[in-house]
Amino acid sequence: MTVQIAGVASTEFGTHSDSSTRELFTDAAHSALEDASLSPADIDELYVGNFIGDVIDDQAHVGAMLADYIGTRGASATRTESACASASSAVRSGAHAIAAGDADVALVGGVEMMSTNGLQEVTDALANAADNEYENQAGLTFPGIYALMAQTYLRTSDATTEDLAAVAVKNYANGTTNPLAQRQDETDVEAVLESPPVATPLHLQDCCPITDGASAAILVSEQYADEHDLETEVSVEGSGQSGDSLALQDRPDLARTRADERAADRAYESAGITPEDVDVVEVHDCFTIAEILAIESLGFFERGEGARGAVEGETAVDGRVPVNTSGGLLAKGHPVGATGVGQLVEITKQLENRHPNQVDDPTIGLTHTVGGSGASCVVTVLRAGGE
Amino acid sequence: MQQWFTDFAERIDDGDPIYLGCTECETTALPPRSVCPECGSRTLENRELSTTATVSAATTIFSSIPRYDDETPYTVVVARFDEGVRLTGQLRDADDINRGDEVAVGVEKRDGDWLVTFSPTD
């Protein structure tokens with residue numbers, strides 16, 4: 001049974017220090033319901049990603065709390081957690097519930113409040129996605145983990161730190177024309193390389209910002225869409241999720257993300273497509289190196305060649321395979337538990353031809369979301385041309 | 001701190017570190033596993049680990065978690081032992097280190113918790 005997308009919405013990504021997890025998610029959820037012409041009473045199931053709320057808000061049981069606050073206390077409500085891929089796991093759960101015939105309407109989303117606490121406290125909370133004993137105890141931070149992947153990549157390919165910076169330059173530029181994006185300023189290679197070091201070779205502008213944000217999407221069955229005359233133009237064609245060792249040290253190649261490769265294979269197979277069929281992509285560029293590894297794992301570039309994407313314009317809005325037209329996590333922002341649905345919102349708008357950085361009449365779009373340093377990965381394939 | 005990590009670190013401190021080897025498929029791993037991560041069998045046995053390793057990658061960290069923020073910048077190393085396992089630790093007795101350099105594994109006790117360290121051997 002086809003799963004259709006009836007409505008999508010994201011809040012502005014950035015600083016919402018006068019809001020809260022429950023208020024921010026309510027804004028996104030109700031905007032998505034409005035976009036779908038549905039109301040809270042129509043929701044059968046709610047799946048919502050949230051990663052660090054236990055630490056930052058001192059609040060767990062977030063699924064029930066958010067169902068309560070968006071006005072659907074009676075719905076089946078569950079929080080999904082796979083670190084920064086939490087919201088994409090919510091999409092898979094909602095799509096499965098509809099495909100199985102258990103639900104007609106599923107609200108899938110995510111929310112994260114990150115700016116209300118200090119940078120160190122947020123960095124500490126995010127580090128919970130890593131191996132506490134083998135990584136955190138050694139003083140390894142998340143930027144540090146991706147820095148180790150970048151060091152390995154730079155030494156085993158022809159790529160340079162300038163090539164990493166080119167990813168930030170492209171995504172910052174895309175962010176300036178996305179009104180929901182957190183960063184609204186362009187940068188250049190020199191500015192990236194001169195920004196303060198975070199974990200060598202990564203500089204501050206190689207890293208996504210600290211972001212508050214929420215996103216939501218309304219998934220419906222094809223039958224429900226027909227019966228209620230919903231305007232659905234985009235469907236969820238397939239998805240894949242896979243994992244890898246929790247700790248980076250346990251992977252044979254530190255610069256190879258095998259969970260991404262497996263998740264992509266499964267998503268392509270379930271959607272019946274190949275990488276060549278994909279017209280527009282949102283990938284998990286929490287750091288510049290992450291976008292390069294992602295576009296290789298997804299099959300758009302040979303291994304060791306991904307750095308060419310941004311440098312040669314192949315991943316630009318008008319390139320061969322446009323990547324992160326929203327600005328990506330680097331510029332749009334990365335409210336970790338919301339990011340997967342944030343990406344889905346952007347791709348849905350592309351496939352509905354209403355994106356601020358619209359690519360030319362795309363048919364197939366894809367989202368790629370990573371949890372931790374690659375111990376979780378979810379890939380979702382969307383197609384234009386629904387009912 | 002988890003007891004298994006304390007046990008693992010104390011073996012390093014005693015100069016008698018261990019790793020796990022699968023008697024079915026010869027995959028190598030670190031504690032506290034009871035199941036081989038590759039073949040799924042429960043045939044892991046304790047084996048003696050070298051006390052030196054080769055640097056796979058290193059990064060110098062300038063912005064850190066509260067526990068280590070007073071100590072930035074510091075360098076974290078992932079090093080590979082000849083037996084096949086890799087381990088993560090902080091660099092000691094040097095300002096920087098390169099991929100391919102040989103390091104000796106050690107541990108330090110801080111506030112009751114164990115921290116893995118690596119020092120250049122030459």
# chains A, B, ... in the order shown; residues from 1 in each chain; ligands from 1
$ select_by_dssp --residues "range 141-208 of chain A" --states "helix (DSSP H, G or I)" --output "PyMOL selection string"
chain A and resi 142-156+161-176+189-194+204-206
$ write_last_selection --atoms "C-alpha atoms" --output "short mmCIF file (atom, residue, chain, number, x, y, z; two decimals), in the first residue's frame"
data_model
loop_
_atom_site.label_atom_id
_atom_site.label_comp_id
_atom_site.auth_asym_id
_atom_site.auth_seq_id
_atom_site.Cartn_x
_atom_site.Cartn_y
_atom_site.Cartn_z
CA PHE A 142 31.62 14.32 18.32
CA PRO A 143 33.56 16.81 16.23
CA GLY A 144 36.61 14.80 17.32
CA ILE A 145 35.16 11.56 15.97
CA TYR A 146 34.39 13.12 12.58
CA ALA A 147 37.82 14.75 12.66
CA LEU A 148 39.37 11.28 12.92
CA MET A 149 37.28 10.19 9.93
CA ALA A 150 38.40 13.32 8.05
CA GLN A 151 42.07 12.74 8.92
CA THR A 152 41.80 9.22 7.55
CA TYR A 153 39.97 10.39 4.42
CA LEU A 154 42.51 13.13 3.69
CA ARG A 155 45.36 10.64 3.98
CA THR A 156 43.77 7.98 1.81
CA THR A 161 41.04 20.72 3.67
CA GLU A 162 40.09 23.25 0.96
CA ASP A 163 37.87 20.56 -0.57
CA LEU A 164 36.17 20.00 2.80
CA ALA A 165 35.61 23.76 3.06
CA ALA A 166 33.96 23.79 -0.37
CA VAL A 167 31.07 21.78 1.12
CA ALA A 168 30.47 24.54 3.69
CA VAL A 169 30.72 27.24 1.02
CA LYS A 170 28.04 25.52 -1.11
CA ASN A 171 25.69 24.80 1.78
CA TYR A 172 26.02 28.24 3.37
CA ALA A 173 25.16 29.78 0.00
CA ASN A 174 22.04 27.58 -0.25
CA GLY A 175 21.06 28.60 3.28
CA THR A 176 20.99 32.29 2.39
CA VAL A 189 37.12 28.70 1.57
CA GLU A 190 39.53 31.10 3.25
CA ALA A 191 37.01 32.04 5.94
CA VAL A 192 36.28 28.37 6.70
CA LEU A 193 39.98 27.59 7.08
CA GLU A 194 40.54 30.68 9.22
CA LEU A 204 34.15 25.96 13.34
CA GLN A 205 32.65 26.51 9.88
CA ASP A 206 33.11 22.81 9.07
#
$ interface_residues --of "chain A" --to "chain B" --cutoff "6 Å" --atoms "only C-alpha atoms" --output "list in words"
Gln120, Thr123, Asp124, Ala138, Leu148, Val198, Ala199, Thr200 and Gln249 of chain A
$ residues_around --residues "Val3 in chain A" --least-positions-apart "3" --cutoff "7 Å" --atoms "only C-alpha atoms" --output "list in words"
Ala95, Ile98, Ala99, Leu219, Val220, Ser221, Glu222, Ser235 and Val236 of chain A
$ write_last_selection --atoms "N, CA and C atoms" --output "mmCIF file, in the first residue's frame"
data_model
loop_
_atom_site.group_PDB
_atom_site.id
_atom_site.type_symbol
_atom_site.label_atom_id
_atom_site.label_comp_id
_atom_site.auth_asym_id
_atom_site.auth_seq_id
_atom_site.Cartn_x
_atom_site.Cartn_y
_atom_site.Cartn_z
ATOM 1 N N ALA A 95 5.539 5.049 8.390
ATOM 2 C CA ALA A 95 5.278 4.463 7.068
ATOM 3 C C ALA A 95 4.935 2.975 7.196
ATOM 4 N N ILE A 98 1.338 2.482 8.402
ATOM 5 C CA ILE A 98 0.341 2.687 7.347
ATOM 6 C C ILE A 98 0.396 1.542 6.334
ATOM 7 N N ALA A 99 1.607 1.170 5.938
ATOM 8 C CA ALA A 99 1.736 0.085 4.950
ATOM 9 C C ALA A 99 1.158 -1.220 5.472
ATOM 10 N N LEU A 219 1.653 11.497 7.240
ATOM 11 C CA LEU A 219 1.624 10.371 6.305
ATOM 12 C C LEU A 219 0.217 9.771 6.317
ATOM 13 N N VAL A 220 -0.295 9.455 5.136
ATOM 14 C CA VAL A 220 -1.645 8.869 5.052
ATOM 15 C C VAL A 220 -1.629 7.704 4.061
ATOM 16 N N SER A 221 -2.588 6.806 4.232
ATOM 17 C CA SER A 221 -2.734 5.718 3.266
ATOM 18 C C SER A 221 -3.353 6.281 1.984
ATOM 19 N N GLU A 222 -3.083 5.586 0.891
ATOM 20 C CA GLU A 222 -3.636 6.012 -0.405
ATOM 21 C C GLU A 222 -5.167 6.033 -0.341
ATOM 22 N N SER A 235 4.905 10.522 -2.535
ATOM 23 C CA SER A 235 4.761 9.283 -1.760
ATOM 24 C C SER A 235 6.114 8.820 -1.233
ATOM 25 N N VAL A 236 6.049 8.033 -0.150
ATOM 26 C CA VAL A 236 7.245 7.383 0.390
ATOM 27 C C VAL A 236 7.413 6.085 -0.383
#
$ residues_around --residues "Leu46 in chain A" --least-positions-apart "3" --cutoff "10 Å" --atoms "only C-alpha atoms" --output "list in words"
Ile43, Gly63, Ala64, Leu66, Ala67, Thr72, Ala75, Ser76, Ala77, Thr78, Arg79, Ala90, Val91, Ser93, Gly94, Val105, Ala106, Leu107, Val108, Gly109 and Ile218 of chain A
$ write_last_selection --atoms "all heavy atoms" --output "tab-separated table (two decimals), in the first residue's frame"
chain	number	residue	atom	x	y	z
A	43	ILE	N	-5.45	11.93	13.73
A	43	ILE	CA	-4.17	11.22	13.87
A	43	ILE	C	-4.38	9.88	14.58
A	43	ILE	O	-4.90	9.84	15.70
A	43	ILE	CB	-3.15	12.07	14.65
A	43	ILE	CG1	-2.88	13.38	13.92
A	43	ILE	CG2	-1.85	11.29	14.88
A	43	ILE	CD1	-2.10	14.39	14.76
A	63	GLY	N	7.01	11.03	23.76
A	63	GLY	CA	5.92	10.70	22.83
A	63	GLY	C	4.56	11.05	23.41
A	63	GLY	O	3.75	11.75	22.79
A	64	ALA	N	4.34	10.58	24.63
A	64	ALA	CA	3.06	10.85	25.28
A	64	ALA	C	2.88	12.34	25.54
A	64	ALA	O	1.80	12.91	25.34
A	64	ALA	CB	2.98	10.07	26.59
A	66	LEU	N	4.07	14.90	23.88
A	66	LEU	CA	3.80	15.68	22.68
A	66	LEU	C	2.42	15.37	22.12
A	66	LEU	O	1.73	16.26	21.62
A	66	LEU	CB	4.90	15.45	21.64
A	66	LEU	CG	6.27	15.97	22.09
A	66	LEU	CD1	7.34	15.65	21.05
A	66	LEU	CD2	6.25	17.47	22.39
A	67	ALA	N	1.97	14.10	22.20
A	67	ALA	CA	0.60	13.77	21.78
A	67	ALA	C	-0.38	14.58	22.61
A	67	ALA	O	-1.36	15.14	22.10
A	67	ALA	CB	0.35	12.28	21.95
A	72	THR	N	-3.88	15.28	20.72
A	72	THR	CA	-4.30	13.94	20.31
A	72	THR	C	-3.93	12.92	21.38
A	72	THR	O	-3.20	11.96	21.14
A	72	THR	CB	-3.74	13.58	18.92
A	72	THR	OG1	-4.20	12.29	18.54
A	72	THR	CG2	-2.23	13.64	18.86
A	75	ALA	N	-4.15	9.08	20.74
A	75	ALA	CA	-3.37	8.40	19.68
A	75	ALA	C	-2.31	7.50	20.28
A	75	ALA	O	-1.87	7.68	21.42
A	75	ALA	CB	-2.71	9.44	18.78
A	76	SER	N	-1.90	6.51	19.51
A	76	SER	CA	-0.72	5.72	19.85
A	76	SER	C	0.49	6.63	19.65
A	76	SER	O	0.70	7.14	18.55
A	76	SER	CB	-0.64	4.52	18.91
A	76	SER	OG	0.65	3.98	18.92
A	77	ALA	N	1.26	6.88	20.70
A	77	ALA	CA	2.36	7.85	20.60
A	77	ALA	C	3.65	7.26	21.14
A	77	ALA	O	3.70	6.75	22.26
A	77	ALA	CB	2.01	9.12	21.39
A	78	THR	N	4.69	7.32	20.34
A	78	THR	CA	5.97	6.72	20.70
A	78	THR	C	7.11	7.63	20.29
A	78	THR	O	7.10	8.18	19.19
A	78	THR	CB	6.15	5.37	19.97
A	78	THR	OG1	5.01	4.54	20.23
A	78	THR	CG2	7.42	4.65	20.43
A	79	ARG	N	8.08	7.79	21.18
A	79	ARG	CA	9.31	8.48	20.82
A	79	ARG	C	10.26	7.47	20.19
A	79	ARG	O	10.43	6.37	20.71
A	79	ARG	CB	9.94	9.08	22.07
A	79	ARG	CG	11.38	9.54	21.90
A	79	ARG	CD	11.97	9.82	23.26
A	79	ARG	NE	13.39	10.12	23.20
A	79	ARG	CZ	14.17	10.17	24.27
A	79	ARG	NH1	13.67	9.93	25.47
A	79	ARG	NH2	15.44	10.45	24.15
A	90	ALA	N	11.46	7.69	13.00
A	90	ALA	CA	10.03	7.98	13.17
A	90	ALA	C	9.29	7.85	11.84
A	90	ALA	O	8.19	7.30	11.77
A	90	ALA	CB	9.83	9.37	13.77
A	91	VAL	N	9.91	8.35	10.77
A	91	VAL	CA	9.29	8.25	9.43
A	91	VAL	C	9.10	6.79	9.05
A	91	VAL	O	8.03	6.38	8.58
A	91	VAL	CB	10.16	8.96	8.37
A	91	VAL	CG1	9.59	8.73	6.98
A	91	VAL	CG2	10.25	10.46	8.67
A	93	SER	N	8.84	4.23	11.04
A	93	SER	CA	7.80	3.62	11.88
A	93	SER	C	6.41	4.01	11.40
A	93	SER	O	5.51	3.16	11.32
A	93	SER	CB	8.00	4.04	13.34
A	93	SER	OG	9.24	3.58	13.83
A	94	GLY	N	6.23	5.28	11.10
A	94	GLY	CA	4.92	5.74	10.63
A	94	GLY	C	4.56	5.12	9.29
A	94	GLY	O	3.41	4.70	9.07
A	105	VAL	N	-3.65	7.50	9.31
A	105	VAL	CA	-2.96	8.79	9.41
A	105	VAL	C	-1.89	8.68	10.50
A	105	VAL	O	-2.19	8.36	11.65
A	105	VAL	CB	-3.94	9.93	9.78
A	105	VAL	CG1	-3.19	11.26	9.89
A	105	VAL	CG2	-5.05	10.03	8.75
A	106	ALA	N	-0.66	8.96	10.13
A	106	ALA	CA	0.43	8.99	11.11
A	106	ALA	C	1.11	10.35	11.04
A	106	ALA	O	1.46	10.81	9.95
A	106	ALA	CB	1.44	7.88	10.85
A	107	LEU	N	1.27	10.99	12.19
A	107	LEU	CA	2.07	12.20	12.24
A	107	LEU	C	3.47	11.78	12.67
A	107	LEU	O	3.65	11.17	13.72
A	107	LEU	CB	1.49	13.23	13.22
A	107	LEU	CG	2.09	14.64	13.10
A	107	LEU	CD1	1.09	15.69	13.60
A	107	LEU	CD2	3.40	14.79	13.88
A	108	VAL	N	4.45	12.06	11.81
A	108	VAL	CA	5.85	11.75	12.13
A	108	VAL	C	6.61	13.06	12.24
A	108	VAL	O	6.36	13.99	11.47
A	108	VAL	CB	6.48	10.81	11.08
A	108	VAL	CG1	5.76	9.48	11.06
A	108	VAL	CG2	6.48	11.43	9.70
A	109	GLY	N	7.49	13.14	13.20
A	109	GLY	CA	8.19	14.40	13.38
A	109	GLY	C	9.36	14.27	14.31
A	109	GLY	O	9.82	13.16	14.64
A	218	ILE	N	2.72	14.65	7.73
A	218	ILE	CA	1.51	13.84	7.87
A	218	ILE	C	1.54	12.76	6.80
A	218	ILE	O	1.49	13.07	5.60
A	218	ILE	CB	0.22	14.69	7.70
A	218	ILE	CG1	0.30	16.00	8.49
A	218	ILE	CG2	-1.01	13.86	8.07
A	218	ILE	CD1	0.34	15.83	9.98
$ atom_distance --atom1 "CA of Gln223 in chain A" --atom2 "CA of Thr369 in chain A"
29.1 Å
$ atom_distance --atom1 "CA of Asn357 in chain A" --atom2 "CA of Asn324 in chain A"
9.8 Å
$ closest_residue --among "A:Val8, A:Leu293, A:Val378, A:Val278" --to "Leu254 in chain A" --atoms "only C-alpha atoms"
A:Leu293
$ select_by_dssp --residues "range 151-360 of chain A" --states "strand (DSSP E or B)" --output "PyMOL selection string"
chain A and resi 197-199+202-203+207+212-221+234-243+280-282+287+323
$ closest_residue --among "A:Ser82, A:Ser88, A:Gln343, A:Asn132" --to "Gly374 in chain A" --atoms "only C-alpha atoms"
A:Ser82
$ atom_distance --atom1 "CA of Gly213 in chain A" --atom2 "CA of Ser115 in chain A"
10.0 Å
$ residues_around --residues "Val105 in chain B" --least-positions-apart "4" --cutoff "7 Å" --atoms "only C-alpha atoms" --output "list in words"
Thr51, Thr52, Thr117, Phe118 and Ser119 of chain B
$ decode --residues "range 13-27 of chain B" --atoms "all heavy atoms" --output "PDB file, in the first residue's frame"
ATOM      1  N   ASP B  13      47.090  -1.456  33.119  1.00  0.00           N
ATOM      2  CA  ASP B  13      47.934  -0.886  34.174  1.00  0.00           C
ATOM      3  C   ASP B  13      48.927  -1.920  34.710  1.00  0.00           C
ATOM      4  O   ASP B  13      50.068  -1.587  35.051  1.00  0.00           O
ATOM      5  CB  ASP B  13      47.032  -0.377  35.311  1.00  0.00           C
ATOM      6  CG  ASP B  13      47.755   0.567  36.247  1.00  0.00           C
ATOM      7  OD1 ASP B  13      48.568   1.388  35.756  1.00  0.00           O
ATOM      8  OD2 ASP B  13      47.534   0.486  37.463  1.00  0.00           O
ATOM      9  N   ASP B  14      48.504  -3.166  34.730  1.00  0.00           N
ATOM     10  CA  ASP B  14      49.371  -4.252  35.218  1.00  0.00           C
ATOM     11  C   ASP B  14      50.359  -4.717  34.155  1.00  0.00           C
ATOM     12  O   ASP B  14      51.158  -5.633  34.414  1.00  0.00           O
ATOM     13  CB  ASP B  14      48.519  -5.462  35.655  1.00  0.00           C
ATOM     14  CG  ASP B  14      47.673  -5.158  36.875  1.00  0.00           C
ATOM     15  OD1 ASP B  14      47.989  -4.165  37.567  1.00  0.00           O
ATOM     16  OD2 ASP B  14      46.694  -5.887  37.127  1.00  0.00           O
ATOM     17  N   GLY B  15      50.295  -4.127  32.967  1.00  0.00           N
ATOM     18  CA  GLY B  15      51.186  -4.554  31.879  1.00  0.00           C
ATOM     19  C   GLY B  15      50.774  -5.877  31.278  1.00  0.00           C
ATOM     20  O   GLY B  15      51.570  -6.571  30.636  1.00  0.00           O
ATOM     21  N   ASP B  16      49.502  -6.234  31.451  1.00  0.00           N
ATOM     22  CA  ASP B  16      49.010  -7.543  31.025  1.00  0.00           C
ATOM     23  C   ASP B  16      47.665  -7.389  30.308  1.00  0.00           C
ATOM     24  O   ASP B  16      46.669  -8.021  30.664  1.00  0.00           O
ATOM     25  CB  ASP B  16      48.859  -8.410  32.298  1.00  0.00           C
ATOM     26  CG  ASP B  16      48.415  -9.817  31.990  1.00  0.00           C
ATOM     27  OD1 ASP B  16      48.700 -10.300  30.882  1.00  0.00           O
ATOM     28  OD2 ASP B  16      47.768 -10.424  32.873  1.00  0.00           O
ATOM     29  N   PRO B  17      47.612  -6.519  29.252  1.00  0.00           N
ATOM     30  CA  PRO B  17      46.313  -6.241  28.611  1.00  0.00           C
ATOM     31  C   PRO B  17      45.776  -7.435  27.830  1.00  0.00           C
ATOM     32  O   PRO B  17      46.553  -8.283  27.381  1.00  0.00           O
ATOM     33  CB  PRO B  17      46.624  -5.078  27.665  1.00  0.00           C
ATOM     34  CG  PRO B  17      48.083  -5.190  27.385  1.00  0.00           C
ATOM     35  CD  PRO B  17      48.710  -5.770  28.630  1.00  0.00           C
ATOM     36  N   ILE B  18      44.464  -7.471  27.681  1.00  0.00           N
ATOM     37  CA  ILE B  18      43.833  -8.565  26.948  1.00  0.00           C
ATOM     38  C   ILE B  18      42.914  -8.033  25.850  1.00  0.00           C
ATOM     39  O   ILE B  18      42.492  -6.895  25.873  1.00  0.00           O
ATOM     40  CB  ILE B  18      43.005  -9.484  27.879  1.00  0.00           C
ATOM     41  CG1 ILE B  18      41.946  -8.668  28.629  1.00  0.00           C
ATOM     42  CG2 ILE B  18      43.890 -10.256  28.831  1.00  0.00           C
ATOM     43  CD1 ILE B  18      40.558  -9.200  28.457  1.00  0.00           C
ATOM     44  N   TYR B  19      42.663  -8.898  24.880  1.00  0.00           N
ATOM     45  CA  TYR B  19      41.602  -8.658  23.901  1.00  0.00           C
ATOM     46  C   TYR B  19      40.831  -9.955  23.758  1.00  0.00           C
ATOM     47  O   TYR B  19      41.123 -10.946  24.441  1.00  0.00           O
ATOM     48  CB  TYR B  19      42.188  -8.190  22.565  1.00  0.00           C
ATOM     49  CG  TYR B  19      42.887  -9.248  21.748  1.00  0.00           C
ATOM     50  CD1 TYR B  19      42.281  -9.802  20.622  1.00  0.00           C
ATOM     51  CD2 TYR B  19      44.160  -9.708  22.095  1.00  0.00           C
ATOM     52  CE1 TYR B  19      42.910 -10.777  19.861  1.00  0.00           C
ATOM     53  CE2 TYR B  19      44.789 -10.681  21.344  1.00  0.00           C
ATOM     54  CZ  TYR B  19      44.168 -11.211  20.232  1.00  0.00           C
ATOM     55  OH  TYR B  19      44.793 -12.182  19.488  1.00  0.00           O
ATOM     56  N   LEU B  20      39.817  -9.962  22.886  1.00  0.00           N
ATOM     57  CA  LEU B  20      38.999 -11.143  22.680  1.00  0.00           C
ATOM     58  C   LEU B  20      39.223 -11.667  21.270  1.00  0.00           C
ATOM     59  O   LEU B  20      39.262 -10.892  20.314  1.00  0.00           O
ATOM     60  CB  LEU B  20      37.511 -10.806  22.864  1.00  0.00           C
ATOM     61  CG  LEU B  20      37.137 -10.131  24.185  1.00  0.00           C
ATOM     62  CD1 LEU B  20      35.655  -9.723  24.168  1.00  0.00           C
ATOM     63  CD2 LEU B  20      37.424 -11.057  25.364  1.00  0.00           C
ATOM     64  N   GLY B  21      39.362 -12.964  21.153  1.00  0.00           N
ATOM     65  CA  GLY B  21      39.487 -13.578  19.834  1.00  0.00           C
ATOM     66  C   GLY B  21      38.405 -14.629  19.664  1.00  0.00           C
ATOM     67  O   GLY B  21      38.072 -15.348  20.611  1.00  0.00           O
ATOM     68  N   CYS B  22      37.853 -14.710  18.447  1.00  0.00           N
ATOM     69  CA  CYS B  22      36.801 -15.696  18.173  1.00  0.00           C
ATOM     70  C   CYS B  22      37.459 -16.986  17.693  1.00  0.00           C
ATOM     71  O   CYS B  22      38.201 -16.975  16.712  1.00  0.00           O
ATOM     72  CB  CYS B  22      35.848 -15.165  17.111  1.00  0.00           C
ATOM     73  SG  CYS B  22      34.570 -16.347  16.666  1.00  0.00           S
ATOM     74  N   THR B  23      37.187 -18.079  18.372  1.00  0.00           N
ATOM     75  CA  THR B  23      37.797 -19.355  17.984  1.00  0.00           C
ATOM     76  C   THR B  23      37.129 -19.939  16.734  1.00  0.00           C
ATOM     77  O   THR B  23      37.658 -20.857  16.127  1.00  0.00           O
ATOM     78  CB  THR B  23      37.716 -20.381  19.129  1.00  0.00           C
ATOM     79  OG1 THR B  23      36.340 -20.589  19.461  1.00  0.00           O
ATOM     80  CG2 THR B  23      38.458 -19.883  20.361  1.00  0.00           C
ATOM     81  N   GLU B  24      35.976 -19.384  16.333  1.00  0.00           N
ATOM     82  CA  GLU B  24      35.287 -19.860  15.120  1.00  0.00           C
ATOM     83  C   GLU B  24      35.828 -19.168  13.874  1.00  0.00           C
ATOM     84  O   GLU B  24      36.157 -19.818  12.895  1.00  0.00           O
ATOM     85  CB  GLU B  24      33.781 -19.584  15.221  1.00  0.00           C
ATOM     86  CG  GLU B  24      33.031 -20.499  16.156  1.00  0.00           C
ATOM     87  CD  GLU B  24      32.911 -21.923  15.609  1.00  0.00           C
ATOM     88  OE1 GLU B  24      32.747 -22.073  14.385  1.00  0.00           O
ATOM     89  OE2 GLU B  24      32.999 -22.872  16.409  1.00  0.00           O
ATOM     90  N   CYS B  25      35.882 -17.804  13.909  1.00  0.00           N
ATOM     91  CA  CYS B  25      36.197 -17.064  12.670  1.00  0.00           C
ATOM     92  C   CYS B  25      37.417 -16.160  12.813  1.00  0.00           C
ATOM     93  O   CYS B  25      37.749 -15.443  11.876  1.00  0.00           O
ATOM     94  CB  CYS B  25      34.984 -16.254  12.215  1.00  0.00           C
ATOM     95  SG  CYS B  25      34.652 -14.790  13.217  1.00  0.00           S
ATOM     96  N   GLU B  26      38.059 -16.170  13.985  1.00  0.00           N
ATOM     97  CA  GLU B  26      39.293 -15.410  14.225  1.00  0.00           C
ATOM     98  C   GLU B  26      39.088 -13.896  14.199  1.00  0.00           C
ATOM     99  O   GLU B  26      40.053 -13.130  14.100  1.00  0.00           O
ATOM    100  CB  GLU B  26      40.409 -15.818  13.261  1.00  0.00           C
ATOM    101  CG  GLU B  26      40.965 -17.201  13.546  1.00  0.00           C
ATOM    102  CD  GLU B  26      41.487 -17.357  14.969  1.00  0.00           C
ATOM    103  OE1 GLU B  26      42.204 -16.451  15.446  1.00  0.00           O
ATOM    104  OE2 GLU B  26      41.152 -18.364  15.617  1.00  0.00           O
ATOM    105  N   THR B  27      37.833 -13.429  14.266  1.00  0.00           N
ATOM    106  CA  THR B  27      37.582 -11.994  14.445  1.00  0.00           C
ATOM    107  C   THR B  27      38.133 -11.570  15.813  1.00  0.00           C
ATOM    108  O   THR B  27      38.099 -12.341  16.768  1.00  0.00           O
ATOM    109  CB  THR B  27      36.064 -11.715  14.369  1.00  0.00           C
ATOM    110  OG1 THR B  27      35.654 -11.889  13.024  1.00  0.00           O
ATOM    111  CG2 THR B  27      35.726 -10.297  14.812  1.00  0.00           C
TER     112      THR B  27
END
